[in-house]
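Participant: My structure file coords.cif, mmCIF, N, CA and C atoms, is below:
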```
data_query
#
loop_
_atom_site.label_atom_id
_atom_site.label_comp_id
_atom_site.auth_asym_id
_atom_site.auth_seq_id
_atom_site.Cartn_x
_atom_site.Cartn_y
_atom_site.Cartn_z
N MET S 23 -14.59 11.85 -6.55
CA MET S 23 -13.54 11.51 -5.61
C MET S 23 -13.92 10.26 -4.82
N PHE S 24 -15.13 10.23 -4.28
CA PHE S 24 -15.54 9.08 -3.50
C PHE S 24 -15.85 7.89 -4.38
N ASN S 25 -16.29 8.12 -5.60
CA ASN S 25 -16.60 7.01 -6.49
C ASN S 25 -15.36 6.21 -6.82
N GLN S 26 -14.23 6.88 -6.99
CA GLN S 26 -13.00 6.16 -7.30
C GLN S 26 -12.61 5.25 -6.14
N ASN S 27 -12.74 5.73 -4.91
CA ASN S 27 -12.42 4.90 -3.75
C ASN S 27 -13.37 3.72 -3.66
N ASN S 28 -14.64 3.94 -3.97
CA ASN S 28 -15.60 2.84 -3.93
C ASN S 28 -15.27 1.80 -4.98
N LYS S 29 -14.80 2.21 -6.16
CA LYS S 29 -14.42 1.25 -7.19
C LYS S 29 -13.25 0.40 -6.72
N ASP S 30 -12.28 1.03 -6.05
CA ASP S 30 -11.13 0.28 -5.54
C ASP S 30 -11.58 -0.73 -4.50
N ILE S 31 -12.49 -0.34 -3.66
CA ILE S 31 -12.98 -1.24 -2.61
C ILE S 31 -13.76 -2.39 -3.24
N ASN S 32 -14.59 -2.08 -4.24
CA ASN S 32 -15.39 -3.12 -4.86
C ASN S 32 -14.54 -4.11 -5.64
N ASN S 33 -13.38 -3.70 -6.14
CA ASN S 33 -12.52 -4.59 -6.89
C ASN S 33 -11.70 -5.51 -5.99
N ASN S 34 -11.61 -5.23 -4.71
CA ASN S 34 -10.84 -6.05 -3.78
C ASN S 34 -11.74 -7.18 -3.29
N PRO S 35 -11.42 -8.45 -3.61
CA PRO S 35 -12.30 -9.56 -3.24
C PRO S 35 -12.40 -9.77 -1.73
N ASP S 36 -11.34 -9.47 -0.99
CA ASP S 36 -11.40 -9.65 0.46
C ASP S 36 -12.36 -8.67 1.10
N ILE S 37 -12.29 -7.42 0.67
CA ILE S 37 -13.18 -6.41 1.24
C ILE S 37 -14.62 -6.67 0.80
N SER S 38 -14.80 -7.15 -0.43
CA SER S 38 -16.14 -7.50 -0.89
C SER S 38 -16.71 -8.65 -0.07
N ALA S 39 -15.88 -9.65 0.24
CA ALA S 39 -16.35 -10.78 1.05
C ALA S 39 -16.72 -10.31 2.46
N LEU S 40 -15.91 -9.41 3.02
CA LEU S 40 -16.21 -8.87 4.34
C LEU S 40 -17.52 -8.08 4.30
N ALA S 41 -17.72 -7.28 3.27
CA ALA S 41 -18.95 -6.50 3.14
C ALA S 41 -20.16 -7.42 2.99
N THR S 42 -20.01 -8.49 2.22
CA THR S 42 -21.11 -9.45 2.04
C THR S 42 -21.46 -10.11 3.37
N SER S 43 -20.44 -10.50 4.13
CA SER S 43 -20.69 -11.12 5.43
C SER S 43 -21.40 -10.17 6.37
N LEU S 44 -20.97 -8.91 6.35
CA LEU S 44 -21.63 -7.92 7.22
C LEU S 44 -23.06 -7.63 6.77
N GLU S 45 -23.30 -7.65 5.47
CA GLU S 45 -24.66 -7.46 4.97
C GLU S 45 -25.56 -8.60 5.42
N LYS S 46 -25.03 -9.84 5.38
CA LYS S 46 -25.80 -10.99 5.86
C LYS S 46 -26.16 -10.82 7.33
N LEU S 47 -25.20 -10.31 8.09
CA LEU S 47 -25.44 -10.09 9.51
C LEU S 47 -26.56 -9.08 9.73
N LEU S 48 -26.52 -8.00 8.97
CA LEU S 48 -27.54 -6.96 9.14
C LEU S 48 -28.91 -7.38 8.63
N LYS S 49 -28.93 -8.22 7.59
CA LYS S 49 -30.20 -8.63 6.99
C LYS S 49 -30.82 -9.86 7.66
N SER S 50 -30.06 -10.54 8.49
CA SER S 50 -30.56 -11.78 9.09
C SER S 50 -31.70 -11.46 10.07
N HIS S 51 -32.76 -12.27 9.95
CA HIS S 51 -33.88 -12.14 10.87
C HIS S 51 -34.64 -13.44 10.85
N GLY S 52 -35.54 -13.64 11.81
CA GLY S 52 -36.31 -14.88 11.89
C GLY S 52 -35.96 -15.64 13.15
N GLY S 53 -36.31 -16.94 13.16
CA GLY S 53 -36.13 -17.77 14.33
C GLY S 53 -34.68 -18.14 14.61
N ASP S 54 -33.87 -18.25 13.59
CA ASP S 54 -32.48 -18.69 13.77
C ASP S 54 -31.51 -17.52 13.80
N ILE S 55 -31.94 -16.42 14.34
CA ILE S 55 -31.11 -15.20 14.32
C ILE S 55 -29.80 -15.43 15.05
N LYS S 56 -29.86 -16.04 16.20
CA LYS S 56 -28.65 -16.20 17.00
C LYS S 56 -27.62 -17.07 16.26
N ASP S 57 -28.06 -18.18 15.68
CA ASP S 57 -27.13 -19.05 14.95
C ASP S 57 -26.57 -18.36 13.72
N GLU S 58 -27.44 -17.65 13.00
CA GLU S 58 -26.98 -16.95 11.80
C GLU S 58 -25.98 -15.86 12.16
N ILE S 59 -26.25 -15.14 13.23
CA ILE S 59 -25.35 -14.07 13.65
C ILE S 59 -23.98 -14.64 14.01
N ILE S 60 -23.98 -15.76 14.72
CA ILE S 60 -22.71 -16.38 15.10
C ILE S 60 -21.94 -16.85 13.86
N ASN S 61 -22.65 -17.48 12.91
CA ASN S 61 -21.99 -17.95 11.68
C ASN S 61 -21.42 -16.79 10.86
N VAL S 62 -22.23 -15.75 10.70
CA VAL S 62 -21.78 -14.60 9.91
C VAL S 62 -20.64 -13.89 10.63
N LYS S 63 -20.73 -13.79 11.94
CA LYS S 63 -19.66 -13.16 12.72
C LYS S 63 -18.35 -13.93 12.54
N ASN S 64 -18.42 -15.25 12.58
CA ASN S 64 -17.21 -16.07 12.39
C ASN S 64 -16.63 -15.88 10.99
N GLN S 65 -17.52 -15.82 9.99
CA GLN S 65 -17.06 -15.61 8.61
C GLN S 65 -16.39 -14.24 8.48
N ALA S 66 -17.01 -13.22 9.08
CA ALA S 66 -16.45 -11.87 8.99
C ALA S 66 -15.10 -11.80 9.70
N GLU S 67 -14.98 -12.44 10.86
CA GLU S 67 -13.70 -12.44 11.57
C GLU S 67 -12.61 -13.15 10.76
N GLU S 68 -12.98 -14.26 10.09
CA GLU S 68 -12.01 -15.00 9.28
C GLU S 68 -11.53 -14.15 8.10
N VAL S 69 -12.46 -13.50 7.42
CA VAL S 69 -12.09 -12.67 6.28
C VAL S 69 -11.25 -11.48 6.74
N LEU S 70 -11.61 -10.89 7.87
CA LEU S 70 -10.86 -9.76 8.41
C LEU S 70 -9.43 -10.18 8.77
N LYS S 71 -9.28 -11.36 9.36
CA LYS S 71 -7.94 -11.86 9.72
C LYS S 71 -7.11 -12.08 8.47
N LYS S 72 -7.70 -12.69 7.43
CA LYS S 72 -6.97 -12.93 6.18
C LYS S 72 -6.54 -11.60 5.55
N THR S 73 -7.45 -10.62 5.57
CA THR S 73 -7.14 -9.32 4.98
C THR S 73 -6.01 -8.63 5.73
N LYS S 74 -6.05 -8.68 7.05
CA LYS S 74 -4.96 -8.09 7.85
C LYS S 74 -3.63 -8.76 7.54
N ASP S 75 -3.65 -10.09 7.43
CA ASP S 75 -2.41 -10.81 7.11
C ASP S 75 -1.86 -10.40 5.76
N LYS S 76 -2.74 -10.24 4.77
CA LYS S 76 -2.29 -9.83 3.43
C LYS S 76 -1.68 -8.43 3.46
N PHE S 77 -2.32 -7.51 4.19
CA PHE S 77 -1.78 -6.15 4.28
C PHE S 77 -0.45 -6.14 5.00
N ASN S 78 -0.32 -6.92 6.06
CA ASN S 78 0.95 -6.98 6.78
C ASN S 78 2.05 -7.56 5.90
N ASN S 79 1.73 -8.60 5.14
CA ASN S 79 2.73 -9.20 4.25
C ASN S 79 3.13 -8.25 3.13
N SER S 80 2.19 -7.48 2.62
CA SER S 80 2.52 -6.54 1.55
C SER S 80 3.43 -5.43 2.08
N GLY S 81 3.23 -5.02 3.32
CA GLY S 81 4.11 -4.02 3.93
C GLY S 81 5.52 -4.53 4.07
N ASN S 82 5.65 -5.80 4.46
CA ASN S 82 6.99 -6.39 4.57
C ASN S 82 7.65 -6.48 3.20
N HIS S 83 6.87 -6.80 2.18
CA HIS S 83 7.41 -6.90 0.82
C HIS S 83 7.90 -5.54 0.34
N ILE S 84 7.14 -4.51 0.62
CA ILE S 84 7.51 -3.16 0.17
C ILE S 84 8.78 -2.71 0.89
N SER S 85 8.87 -2.94 2.20
CA SER S 85 10.06 -2.52 2.92
C SER S 85 11.29 -3.29 2.44
N LYS S 86 11.14 -4.56 2.11
CA LYS S 86 12.26 -5.35 1.57
C LYS S 86 12.68 -4.79 0.21
N LEU S 87 11.70 -4.43 -0.61
CA LEU S 87 12.00 -3.87 -1.93
C LEU S 87 12.75 -2.54 -1.81
N VAL S 88 12.34 -1.70 -0.88
CA VAL S 88 13.02 -0.41 -0.68
C VAL S 88 14.45 -0.62 -0.20
N LYS S 89 14.64 -1.55 0.74
CA LYS S 89 15.99 -1.84 1.23
C LYS S 89 16.88 -2.37 0.11
N ASP S 90 16.34 -3.27 -0.71
CA ASP S 90 17.12 -3.80 -1.83
C ASP S 90 17.51 -2.69 -2.81
N THR S 91 16.59 -1.78 -3.08
CA THR S 91 16.87 -0.68 -3.99
C THR S 91 17.98 0.21 -3.44
N PHE S 92 17.91 0.56 -2.15
CA PHE S 92 18.96 1.39 -1.57
C PHE S 92 20.30 0.66 -1.53
N ASN S 93 20.28 -0.65 -1.32
CA ASN S 93 21.53 -1.41 -1.36
C ASN S 93 22.15 -1.38 -2.75
N GLN S 94 21.32 -1.48 -3.79
CA GLN S 94 21.82 -1.41 -5.17
C GLN S 94 22.41 -0.03 -5.46
N ILE S 95 21.74 1.02 -4.98
CA ILE S 95 22.25 2.38 -5.18
C ILE S 95 23.58 2.54 -4.45
N ASP S 96 23.68 2.03 -3.25
CA ASP S 96 24.92 2.12 -2.47
C ASP S 96 26.05 1.38 -3.19
N ASP S 97 25.76 0.19 -3.71
CA ASP S 97 26.78 -0.56 -4.45
C ASP S 97 27.24 0.22 -5.69
N TYR S 98 26.30 0.84 -6.41
CA TYR S 98 26.64 1.60 -7.60
C TYR S 98 27.53 2.79 -7.25
N ILE S 99 27.21 3.45 -6.13
CA ILE S 99 28.00 4.60 -5.71
C ILE S 99 29.43 4.18 -5.36
N HIS S 100 29.56 3.02 -4.72
CA HIS S 100 30.90 2.55 -4.37
C HIS S 100 31.69 2.10 -5.60
N LEU S 101 30.99 1.55 -6.60
CA LEU S 101 31.69 1.11 -7.81
C LEU S 101 32.09 2.27 -8.71
N LYS S 102 31.23 3.27 -8.81
CA LYS S 102 31.47 4.40 -9.72
C LYS S 102 31.23 5.72 -8.99
N PRO S 103 32.15 6.11 -8.13
CA PRO S 103 31.90 7.32 -7.33
C PRO S 103 31.87 8.60 -8.17
N TRP S 104 32.66 8.69 -9.23
CA TRP S 104 32.68 9.92 -10.03
C TRP S 104 31.37 10.11 -10.80
N TYR S 105 30.77 9.02 -11.23
CA TYR S 105 29.46 9.13 -11.89
C TYR S 105 28.44 9.68 -10.89
N SER S 106 28.49 9.18 -9.68
CA SER S 106 27.55 9.64 -8.64
C SER S 106 27.75 11.11 -8.34
N ILE S 107 29.01 11.55 -8.28
CA ILE S 107 29.29 12.97 -8.03
C ILE S 107 28.77 13.81 -9.19
N GLY S 108 28.99 13.35 -10.41
CA GLY S 108 28.51 14.08 -11.59
C GLY S 108 26.99 14.19 -11.62
N ILE S 109 26.32 13.09 -11.32
CA ILE S 109 24.85 13.11 -11.30
C ILE S 109 24.36 14.06 -10.21
N SER S 110 25.00 14.03 -9.04
CA SER S 110 24.61 14.93 -7.94
C SER S 110 24.79 16.39 -8.32
N VAL S 111 25.89 16.70 -8.99
CA VAL S 111 26.14 18.08 -9.42
C VAL S 111 25.09 18.51 -10.43
N MET S 112 24.76 17.65 -11.37
CA MET S 112 23.74 17.99 -12.37
C MET S 112 22.39 18.24 -11.72
N ILE S 113 21.99 17.38 -10.81
CA ILE S 113 20.70 17.55 -10.13
C ILE S 113 20.70 18.84 -9.31
N GLY S 114 21.82 19.11 -8.60
CA GLY S 114 21.92 20.35 -7.83
C GLY S 114 21.84 21.58 -8.70
N THR S 115 22.48 21.52 -9.87
CA THR S 115 22.46 22.66 -10.79
C THR S 115 21.05 22.91 -11.30
N VAL S 116 20.37 21.85 -11.70
CA VAL S 116 19.00 22.00 -12.21
C VAL S 116 18.09 22.56 -11.12
N LEU S 117 18.18 22.01 -9.92
CA LEU S 117 17.34 22.52 -8.83
C LEU S 117 17.69 23.97 -8.49
N GLY S 118 18.99 24.30 -8.53
CA GLY S 118 19.40 25.68 -8.27
C GLY S 118 18.81 26.65 -9.28
N PHE S 119 18.84 26.28 -10.56
CA PHE S 119 18.24 27.14 -11.58
C PHE S 119 16.74 27.27 -11.40
N MET S 120 16.10 26.18 -11.02
CA MET S 120 14.63 26.23 -10.81
C MET S 120 14.27 27.17 -9.67
N PHE S 121 14.97 27.07 -8.55
CA PHE S 121 14.67 27.94 -7.41
C PHE S 121 15.10 29.37 -7.68
N LEU S 122 16.17 29.54 -8.38
CA LEU S 122 16.63 30.88 -8.71
C LEU S 122 15.63 31.58 -9.62
N SER S 123 15.07 30.86 -10.59
CA SER S 123 14.12 31.47 -11.52
C SER S 123 12.80 31.80 -10.82
N ARG S 124 12.46 31.11 -9.75
CA ARG S 124 11.23 31.41 -9.02
C ARG S 124 11.37 32.69 -8.21
N ARG S 125 12.55 32.98 -7.74
CA ARG S 125 12.73 34.18 -6.92
C ARG S 125 12.67 35.45 -7.76
N GLN S 126 13.05 35.39 -8.99
CA GLN S 126 13.10 36.60 -9.83
C GLN S 126 11.81 36.90 -10.46
#
```
Show me this structure written as structure tokens.
Facilitator:
Amino acid sequence: MFNQNNKDINNNPDISALATSLEKLLKSHGGDIKDEIINVKNQAEEVLKKTKDKFNNSGNHISKLVKDTFNQIDDYIHLKPWYSIGISVMIGTVLGFMFLSRRQ
């Protein structure tokens, strides 16, 4: 279960870049620690900002796709109302038989 999630994380280049930056931060030592920490911190913040922007944009894309799909369904229902009624009756009948068979 956890291995599959780790594979997904490792395949994402943004998350991998963020992990690499954080590893550099944790592994940095020596005389230039302060400069290295600041550089790595800036890199990590930049990657994190880019990743947040990508996730926000993908959410907007998904919501637009869902709205477009529902608009197409609404248009189809208005163009062919009897087909929609027939499909609804068929789905209701199938679901009714499924629930009825579970009770017995």
Participant: Quick check, in Å to one decimal: how far apart do atom N of Glu68 of chain S and atom CA of Leu40 of chain S lie?
Facilitator: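 So the two atoms, atom N of Glu68 of chain S and atom CA of Leu40 of chain S, lie 8.5 Å apart.
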Participant: Using only C-alpha atoms, pick whichever of S:Asn93, S:Glu45, S:Gln65, S:Asp36 has the shortest atom-to-atom distance to Phe77 of chain S.
Facilitator: S:Asp36
Participant: Just to confirm, what's the straight-line distance from atom CA of Trp104 of chain S to atom CA of Lys89 of chain S in Å (one decimal)?
Facilitator: 23.3 Å
Participant: Show which residues sit within 8 Å of Thr73 of chain S, as number ranges by chain. Count all atoms listed in the file, and ignore same-chain residues fewer than 6 positions away.
Facilitator: S: 36-37, 67, 79
Participant: Could you please determine the separation between atom CA of Glu58 of chain S and atom CA of Lys46 of chain S in Å, to one decimal place?
Facilitator: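 Distance between the two atoms: 8.5 Å.
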